[in-house]
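In what follows, a single structure is set out as structure tokens and then discussed.
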Amino acid sequence: MKAGTILLLLAVMVASLFTGTCSNPEPLAPNGREPNTSRPTFTELYVIGDNHLSDAEVVMLQGLQGIIAQSPEATEGIWIDVANGYEIWLSDLENEYGVTLDYTYQDDPWGLVSYFKSYLEGTVIYDLGQDSVNVAGTLAGILRLLPVDTALLEEANALSLGEVLDVRGKDEEWCFDNYWDMANHSLVIFQEKNKHYALRDYAAARKAFVFHDGDTDFTRRVFASVDHGGMVLGWGGAGWNDEKHFVQLSSERNLVLIPADHARNMSILTTFDLTLQRKKDIHYVTFVMCDGDNVQWQLNDFATDERWYGSPRRGSFPMGWTISPSMAILAPTVMQRLYWDATAVDAFIGGVSGRGYYYPSEFPTLAEEVVRLGGALARADLNALMIMDTDSDAFSPEYLKPYAGLENVIGGFWSWYDNYSGREGEILFVDDKPFVSMKYDLWLKDASWQTVDSVISDIASGINTGGGYTAISVHPWSMSLADVYDLIGRLDPHVRVVDPIEFLQLAAADQRLR
């Protein structure tokens with residue numbers, strides 16, 4: 001739908017007002033860090049539970065969260081409290097970082113809007129569940145406009161916030177044509193219009209373009225407009241045949257994908273600029289739980305669900321966990337909390353396949369991206385990683401050499417998208433650093449799945465072959481820590497379970513493998 005003459009003129013006038021304050025942020029630095037925004041860490045948070053909010057109010061407060069987070073003077077912010085692990089991160093902010101929690105507006109969203117209205121330049125009106133919700137999400141950040149659904153107009157008018165733009169009936173392509181130049185060119189948010197509750201605060205904080213589409217010319221146009229080495233936060237979802245197709249498209253355009261479509265409160269968490277440190281007594285294991293690139297999983301119930309980090313079995317045996325190095329930027333306090341809560345036998349490695357999820361063989365500027373990864377790994381205090389590709393032949397020095405060239409990487413593990421253990425435990429040395437393909441894949445995906453019994457039998461029979469090195473990936477959605485515990489308990493006494501770092505060090509020193 002074409003905009004009316006008056007609306008278009010008003011939009012141009014508003015855009016011109018913000019040219020100085022909403023200039024395009026710098027692209028990601030070569031070390032993999034986002035540019036320093038020179039803003040202080042939040043010292044006080046006004047907490048409101050999402051159980052007190054309608055979907056429209058959640059969208060509105062996320063926009064306000066992000067707008068506040070842009071300000072270099074703001075030390076007070078908003079935390080939308082949810083279950084699924086976020087109570088841990090909020091308590092951690094209070095107990096470890098001295099953040100004051102204020103519950104004055106815990107059931108009063110409009111009280112929060114009134115309190116923080118000085119950060120706003122007006123409102124942008126949209127319709128919940130329509131394309132205009134993503135349009136409003138973009139404009140909230142770049143123009144500092146509170147996103148207000150049609151159903152909330154009466155309350156917004158009562159606060160005299162001022163209606164600046166009405167984007168009802170507009171779609172993301174209209175927004176891209178009119179506002180891309182004002183948006184962040186190093187980051188886009190890929191969020192379905194019906195996901196109201198997550199990621200929108202971070203979009204506003206980073207002045208990012210918000211959209212969602214299938215494998216269309218528009219999606220390709222947006223991805224092609226993002227700076228090389230930029231990030232896509234979100235997930236494919238509706239309109240995509242499969243995960244592989246979506247990741248291929250972003251990889252081909254030199255973009256790093258961070259699955260984050262259920263991630264919340266990152267506009268707050270990202271302001272904590274920490275020097276992260278692992279527990280020095282952590283040991284890595286040859287059992288590595290995959291899918292750690294899912295930031296949303298670790299922000300939600302990863303830490304509390306008994307299948308994973310919340311398992312009562314955790315700490316009774318060595319276990320490796322993949323985690324996105326980008327968590328050090330997106331949610332550093334969460335990453336630090338996970339590190340601190342690790343037992344002596346828990347460990348984290350980066351993956352997949354670097355700062356975010358991509359396929360090395362399909363990433364045209366892989367060497368440049370791996371340079372950025374080096375900085376991200378250093379920031380996250382990680383020195384080993386898991387790599388994934390769609391081509392089994394990509395397990396080769398050609399694609400591993402950039403990773404091996406990183407001084408702070410001692411080696412890594414490798415899996416194939418179509419069959420995680422497709423290279424059957426093969427070990428390659430690149431610049432004297434071992435890269436180990438997964439030998440077994442614990443995944444209840446079909447009737448041909450390798451049973452725990454067959455894995456145990458194979459390990460026992462092959463203990464003196466191939467150097468006796470075995471790496472096993474664990475699929476988190478069909479296997480749990482209890483399953484790993486049971487498997488370890490049934491191994492022969494002479495089978496030694498070691499951490500991945502020791503595993504890589506032993507392999508590096510073993511001349512039989514060369």
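Ligands are numbered from 1 in the order shown, residues from 1 within each chain, and chains are lettered A, B, ... in the order they appear in the structure tokens.
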Please list as a list of chain:residue names every residue within 7 Å of range 408-421 of chain A, counting only C-alpha atoms and excluding residues in the same chain fewer than 6 positions away.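 Counting only C-alpha atoms, the residues come to A:Asn383, A:Ala384, A:Leu385, A:Met386, A:Ile387, A:Met388, A:Asp389, A:Thr390, A:Asp391, A:Ser392, A:Lys433, A:Pro434, A:Phe435, A:Val436, A:Ser437, A:Met438, A:Lys439, A:Tyr440, A:Asp441, A:Leu504.
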Give me a file of those residues, with N, CA, C and O atoms, as a PDB file, in the first residue's frame.
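In the end it all went to selection.pdb:
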```pdb
ATOM      1  N   ASN A 383      39.303 -22.029  23.785  1.00  0.00           N
ATOM      2  CA  ASN A 383      40.468 -22.353  22.964  1.00  0.00           C
ATOM      3  C   ASN A 383      40.302 -23.618  22.136  1.00  0.00           C
ATOM      4  O   ASN A 383      41.260 -24.146  21.593  1.00  0.00           O
ATOM      5  N   ALA A 384      39.082 -24.128  22.035  1.00  0.00           N
ATOM      6  CA  ALA A 384      38.777 -25.255  21.168  1.00  0.00           C
ATOM      7  C   ALA A 384      37.363 -25.056  20.649  1.00  0.00           C
ATOM      8  O   ALA A 384      36.571 -24.316  21.250  1.00  0.00           O
ATOM      9  N   LEU A 385      37.046 -25.696  19.538  1.00  0.00           N
ATOM     10  CA  LEU A 385      35.724 -25.450  18.973  1.00  0.00           C
ATOM     11  C   LEU A 385      35.242 -26.646  18.174  1.00  0.00           C
ATOM     12  O   LEU A 385      36.007 -27.536  17.812  1.00  0.00           O
ATOM     13  N   MET A 386      33.927 -26.621  17.906  1.00  0.00           N
ATOM     14  CA  MET A 386      33.279 -27.603  17.055  1.00  0.00           C
ATOM     15  C   MET A 386      32.939 -26.923  15.736  1.00  0.00           C
ATOM     16  O   MET A 386      32.414 -25.814  15.713  1.00  0.00           O
ATOM     17  N   ILE A 387      33.248 -27.597  14.624  1.00  0.00           N
ATOM     18  CA  ILE A 387      32.987 -27.076  13.287  1.00  0.00           C
ATOM     19  C   ILE A 387      32.008 -28.023  12.593  1.00  0.00           C
ATOM     20  O   ILE A 387      32.082 -29.239  12.752  1.00  0.00           O
ATOM     21  N   MET A 388      31.078 -27.456  11.808  1.00  0.00           N
ATOM     22  CA  MET A 388      30.139 -28.284  11.054  1.00  0.00           C
ATOM     23  C   MET A 388      30.111 -27.813   9.605  1.00  0.00           C
ATOM     24  O   MET A 388      30.229 -26.623   9.320  1.00  0.00           O
ATOM     25  N   ASP A 389      29.936 -28.777   8.692  1.00  0.00           N
ATOM     26  CA  ASP A 389      29.811 -28.435   7.276  1.00  0.00           C
ATOM     27  C   ASP A 389      28.800 -29.363   6.617  1.00  0.00           C
ATOM     28  O   ASP A 389      28.434 -30.407   7.178  1.00  0.00           O
ATOM     29  N   THR A 390      28.351 -28.966   5.429  1.00  0.00           N
ATOM     30  CA  THR A 390      27.381 -29.777   4.688  1.00  0.00           C
ATOM     31  C   THR A 390      28.035 -30.793   3.763  1.00  0.00           C
ATOM     32  O   THR A 390      27.374 -31.656   3.222  1.00  0.00           O
ATOM     33  N   ASP A 391      29.323 -30.666   3.565  1.00  0.00           N
ATOM     34  CA  ASP A 391      30.059 -31.522   2.637  1.00  0.00           C
ATOM     35  C   ASP A 391      31.077 -32.332   3.424  1.00  0.00           C
ATOM     36  O   ASP A 391      31.954 -31.765   4.080  1.00  0.00           O
ATOM     37  N   SER A 392      30.998 -33.653   3.338  1.00  0.00           N
ATOM     38  CA  SER A 392      31.945 -34.476   4.102  1.00  0.00           C
ATOM     39  C   SER A 392      33.374 -34.257   3.625  1.00  0.00           C
ATOM     40  O   SER A 392      34.331 -34.423   4.381  1.00  0.00           O
ATOM     41  N   LYS A 433      48.177 -29.142  14.557  1.00  0.00           N
ATOM     42  CA  LYS A 433      47.039 -29.110  15.476  1.00  0.00           C
ATOM     43  C   LYS A 433      46.017 -30.159  15.046  1.00  0.00           C
ATOM     44  O   LYS A 433      45.660 -30.226  13.863  1.00  0.00           O
ATOM     45  N   PRO A 434      45.536 -30.986  15.976  1.00  0.00           N
ATOM     46  CA  PRO A 434      44.603 -32.051  15.603  1.00  0.00           C
ATOM     47  C   PRO A 434      43.169 -31.547  15.465  1.00  0.00           C
ATOM     48  O   PRO A 434      42.682 -30.764  16.289  1.00  0.00           O
ATOM     49  N   PHE A 435      42.508 -32.000  14.400  1.00  0.00           N
ATOM     50  CA  PHE A 435      41.085 -31.769  14.211  1.00  0.00           C
ATOM     51  C   PHE A 435      40.433 -33.143  14.074  1.00  0.00           C
ATOM     52  O   PHE A 435      40.804 -33.937  13.204  1.00  0.00           O
ATOM     53  N   VAL A 436      39.502 -33.409  14.960  1.00  0.00           N
ATOM     54  CA  VAL A 436      38.977 -34.759  15.139  1.00  0.00           C
ATOM     55  C   VAL A 436      37.516 -34.804  14.715  1.00  0.00           C
ATOM     56  O   VAL A 436      36.680 -34.044  15.231  1.00  0.00           O
ATOM     57  N   SER A 437      37.217 -35.659  13.771  1.00  0.00           N
ATOM     58  CA  SER A 437      35.812 -35.832  13.398  1.00  0.00           C
ATOM     59  C   SER A 437      35.128 -36.726  14.433  1.00  0.00           C
ATOM     60  O   SER A 437      35.759 -37.584  15.053  1.00  0.00           O
ATOM     61  N   MET A 438      33.843 -36.524  14.608  1.00  0.00           N
ATOM     62  CA  MET A 438      33.107 -37.281  15.620  1.00  0.00           C
ATOM     63  C   MET A 438      33.000 -38.750  15.190  1.00  0.00           C
ATOM     64  O   MET A 438      32.682 -39.049  14.041  1.00  0.00           O
ATOM     65  N   LYS A 439      33.278 -39.628  16.124  1.00  0.00           N
ATOM     66  CA  LYS A 439      33.243 -41.064  15.841  1.00  0.00           C
ATOM     67  C   LYS A 439      31.828 -41.624  15.956  1.00  0.00           C
ATOM     68  O   LYS A 439      31.404 -42.464  15.172  1.00  0.00           O
ATOM     69  N   TYR A 440      31.091 -41.153  16.949  1.00  0.00           N
ATOM     70  CA  TYR A 440      29.722 -41.611  17.167  1.00  0.00           C
ATOM     71  C   TYR A 440      28.810 -40.416  17.382  1.00  0.00           C
ATOM     72  O   TYR A 440      29.240 -39.348  17.841  1.00  0.00           O
ATOM     73  N   ASP A 441      27.547 -40.646  17.086  1.00  0.00           N
ATOM     74  CA  ASP A 441      26.534 -39.601  17.205  1.00  0.00           C
ATOM     75  C   ASP A 441      25.363 -40.164  18.000  1.00  0.00           C
ATOM     76  O   ASP A 441      24.596 -40.991  17.488  1.00  0.00           O
ATOM     77  N   LEU A 504      42.825 -33.650  22.795  1.00  0.00           N
ATOM     78  CA  LEU A 504      43.567 -33.020  21.700  1.00  0.00           C
ATOM     79  C   LEU A 504      45.071 -33.004  21.974  1.00  0.00           C
ATOM     80  O   LEU A 504      45.881 -33.209  21.067  1.00  0.00           O
TER      81      LEU A 504
END
```
Write out as a ChimeraX atom specification each polymer residue whose atoms come within 9 Å of Ala376 in chain A, counting only C-alpha atoms; drop sequence neighbours fewer than 3 positions from it. /A:31-33,325-326,328-329,354-355,372-373,379-382
Selection: 7 Å around range 399-405 of chain A, only C-alpha atoms, excl. self and same-chain fewer than 3 positions, as number ranges by chain: A: 360-361, 367, 370, 394, 396, 409, 411, 430-431, 433
Produce a file of the selected residues containing C-alpha atoms, as a tab-separated table (two decimals), in the first residue's frame.
```
chain	number	residue	atom	x	y	z
A	360	PRO	CA	33.03	-23.10	6.10
A	361	SER	CA	33.00	-24.61	2.59
A	367	ALA	CA	39.77	-16.48	6.25
A	370	VAL	CA	38.09	-16.73	11.19
A	394	ALA	CA	35.11	-30.23	3.62
A	396	SER	CA	40.21	-31.09	4.77
A	409	VAL	CA	43.15	-22.50	19.17
A	411	GLY	CA	42.54	-27.88	17.72
A	430	VAL	CA	46.84	-28.98	10.22
A	431	ASP	CA	49.85	-26.92	11.32
A	433	LYS	CA	47.04	-29.11	15.48
```
Can you list, as JSON, numbers by chain, every protein, DNA or RNA residue that comes within 10 Å of range 268-274 of chain A when you count only C-alpha atoms, leaving out same-chain residues fewer than 2 positions away? {"A": [36, 37, 38, 39, 40, 41, 42, 45, 65, 66, 68, 69, 70, 76, 77, 78, 79, 89, 90, 93, 97, 201, 202, 205, 264, 265, 266, 276, 277, 327, 328, 329, 330, 331, 332, 333, 334, 336, 379, 380]}
If you count only C-alpha atoms, which residues fall within 8 Å of Gln296 in chain A, apart from same-chain ones fewer than 2 positions away, as a list in words?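 Within the cut-off, the hits are Pro259, Ala260, Asp261, His262, Ala263, Arg264, Asn294, Gln298, Leu299 and Asn300 of chain A.
Nearest to Gln106 in chain A of all the residues A:Gly63, A:Ala136, A:Ala224, A:Tyr46 is A:Tyr46, based on only C-alpha atoms.
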Can you list, as a list in words, every protein, DNA or RNA residue that comes within 9 Å of Val210 in chain A when you count only C-alpha atoms, leaving out same-chain residues fewer than 3 positions away? Asn134, Val135, Ala136, Gly137, Thr138, Glu172, Val188, Ile189, Phe190, Gln191, Arg200 and Ala203 of chain A
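Across the model, the gap from CA of Glu87 in chain A to CA of Ala140 in chain A is 26.8 Å.
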Surrounding residues of Val256 in chain A excluding itself and chain neighbours under 4 positions, 9 Å, only C-alpha atoms, as number ranges by chain: A: 229-233, 247, 250-251, 354-358, 369
Check range 162-207 of chain A with DSSP on the backbone and list each residue it calls helix (DSSP H, G or I), as a PDB file with N, CA and C atoms, in the first residue's frame.
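The result, stored in part.pdb:
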```pdb
ATOM      1  N   GLU A 172       7.829  -5.059   5.595  1.00  0.00           N
ATOM      2  CA  GLU A 172       9.269  -4.900   5.815  1.00  0.00           C
ATOM      3  C   GLU A 172       9.988  -4.349   4.589  1.00  0.00           C
ATOM      4  N   GLU A 173       9.501  -4.684   3.393  1.00  0.00           N
ATOM      5  CA  GLU A 173      10.154  -4.175   2.194  1.00  0.00           C
ATOM      6  C   GLU A 173      10.001  -2.658   2.089  1.00  0.00           C
ATOM      7  N   TRP A 174       8.822  -2.166   2.450  1.00  0.00           N
ATOM      8  CA  TRP A 174       8.614  -0.708   2.499  1.00  0.00           C
ATOM      9  C   TRP A 174       9.593  -0.075   3.483  1.00  0.00           C
ATOM     10  N   CYS A 175       9.741  -0.712   4.628  1.00  0.00           N
ATOM     11  CA  CYS A 175      10.646  -0.181   5.651  1.00  0.00           C
ATOM     12  C   CYS A 175      12.082  -0.202   5.150  1.00  0.00           C
ATOM     13  N   PHE A 176      12.471  -1.275   4.488  1.00  0.00           N
ATOM     14  CA  PHE A 176      13.833  -1.374   3.968  1.00  0.00           C
ATOM     15  C   PHE A 176      14.100  -0.278   2.944  1.00  0.00           C
ATOM     16  N   ASP A 177      13.165  -0.060   2.057  1.00  0.00           N
ATOM     17  CA  ASP A 177      13.341   0.958   1.013  1.00  0.00           C
ATOM     18  C   ASP A 177      13.486   2.356   1.591  1.00  0.00           C
ATOM     19  N   ASN A 178      12.809   2.609   2.711  1.00  0.00           N
ATOM     20  CA  ASN A 178      12.771   3.966   3.261  1.00  0.00           C
ATOM     21  C   ASN A 178      13.743   4.220   4.403  1.00  0.00           C
ATOM     22  N   TYR A 179      14.190   3.152   5.096  1.00  0.00           N
ATOM     23  CA  TYR A 179      14.960   3.384   6.326  1.00  0.00           C
ATOM     24  C   TYR A 179      16.250   2.583   6.437  1.00  0.00           C
ATOM     25  N   TRP A 180      16.596   1.763   5.451  1.00  0.00           N
ATOM     26  CA  TRP A 180      17.805   0.943   5.577  1.00  0.00           C
ATOM     27  C   TRP A 180      19.043   1.805   5.816  1.00  0.00           C
ATOM     28  N   ASP A 181      19.130   2.943   5.160  1.00  0.00           N
ATOM     29  CA  ASP A 181      20.321   3.775   5.298  1.00  0.00           C
ATOM     30  C   ASP A 181      20.539   4.243   6.730  1.00  0.00           C
ATOM     31  N   MET A 182      19.471   4.272   7.536  1.00  0.00           N
ATOM     32  CA  MET A 182      19.591   4.709   8.928  1.00  0.00           C
ATOM     33  C   MET A 182      19.830   3.551   9.879  1.00  0.00           C
ATOM     34  N   ARG A 200      13.310  -8.488  20.336  1.00  0.00           N
ATOM     35  CA  ARG A 200      12.975  -7.156  19.833  1.00  0.00           C
ATOM     36  C   ARG A 200      13.658  -6.049  20.638  1.00  0.00           C
ATOM     37  N   ASP A 201      13.976  -6.308  21.878  1.00  0.00           N
ATOM     38  CA  ASP A 201      14.699  -5.292  22.657  1.00  0.00           C
ATOM     39  C   ASP A 201      16.115  -5.114  22.119  1.00  0.00           C
ATOM     40  N   TYR A 202      16.759  -6.217  21.743  1.00  0.00           N
ATOM     41  CA  TYR A 202      18.116  -6.121  21.208  1.00  0.00           C
ATOM     42  C   TYR A 202      18.118  -5.420  19.853  1.00  0.00           C
ATOM     43  N   ALA A 203      17.081  -5.674  19.064  1.00  0.00           N
ATOM     44  CA  ALA A 203      16.963  -4.983  17.778  1.00  0.00           C
ATOM     45  C   ALA A 203      16.914  -3.474  17.981  1.00  0.00           C
ATOM     46  N   ALA A 204      16.114  -3.027  18.942  1.00  0.00           N
ATOM     47  CA  ALA A 204      16.006  -1.591  19.212  1.00  0.00           C
ATOM     48  C   ALA A 204      17.321  -1.033  19.754  1.00  0.00           C
ATOM     49  N   ALA A 205      17.975  -1.776  20.620  1.00  0.00           N
ATOM     50  CA  ALA A 205      19.223  -1.306  21.212  1.00  0.00           C
ATOM     51  C   ALA A 205      20.311  -1.121  20.165  1.00  0.00           C
TER      52      ALA A 205
END
```
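Comparing A:Ala378, A:Leu366, A:Ala508, A:Leu487 by their smallest distance to Ile349 in chain A, the closest is A:Ala378 (using only C-alpha atoms).
If you measure from each of A:Ser311, A:Val352, A:Thr365, A:Asp393 to Tyr485 in chain A using only C-alpha atoms, the closest one turns out to be A:Ser311.
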For a quick check of understanding, using only C-alpha atoms, which of A:Ile142, A:Met335, A:Ile472, A:Ile88 has the smallest distance to Phe503 in chain A? A:Ile472
Check range 320-457 of chain A with DSSP on the backbone and list each residue it calls strand (DSSP E), as an MDAnalysis selection string. chainID A and resid 320:323 346:351 385:389 412:416 427:430 433:437 440:442
Of A:Cys290, A:Val497, A:Ala56, A:Ala198, the one sitting nearest Gly129 in chain A when using only C-alpha atoms is A:Ala56
CA of Leu152 in chain A to CA of Trp110 in chain A, straight-line distance in Å: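 Distance reported for this atom pair: 10.2 Å.
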Pairwise distance, CA of Ile323 in chain A with CA of Gly489 in chain A, equals 26.1 Å
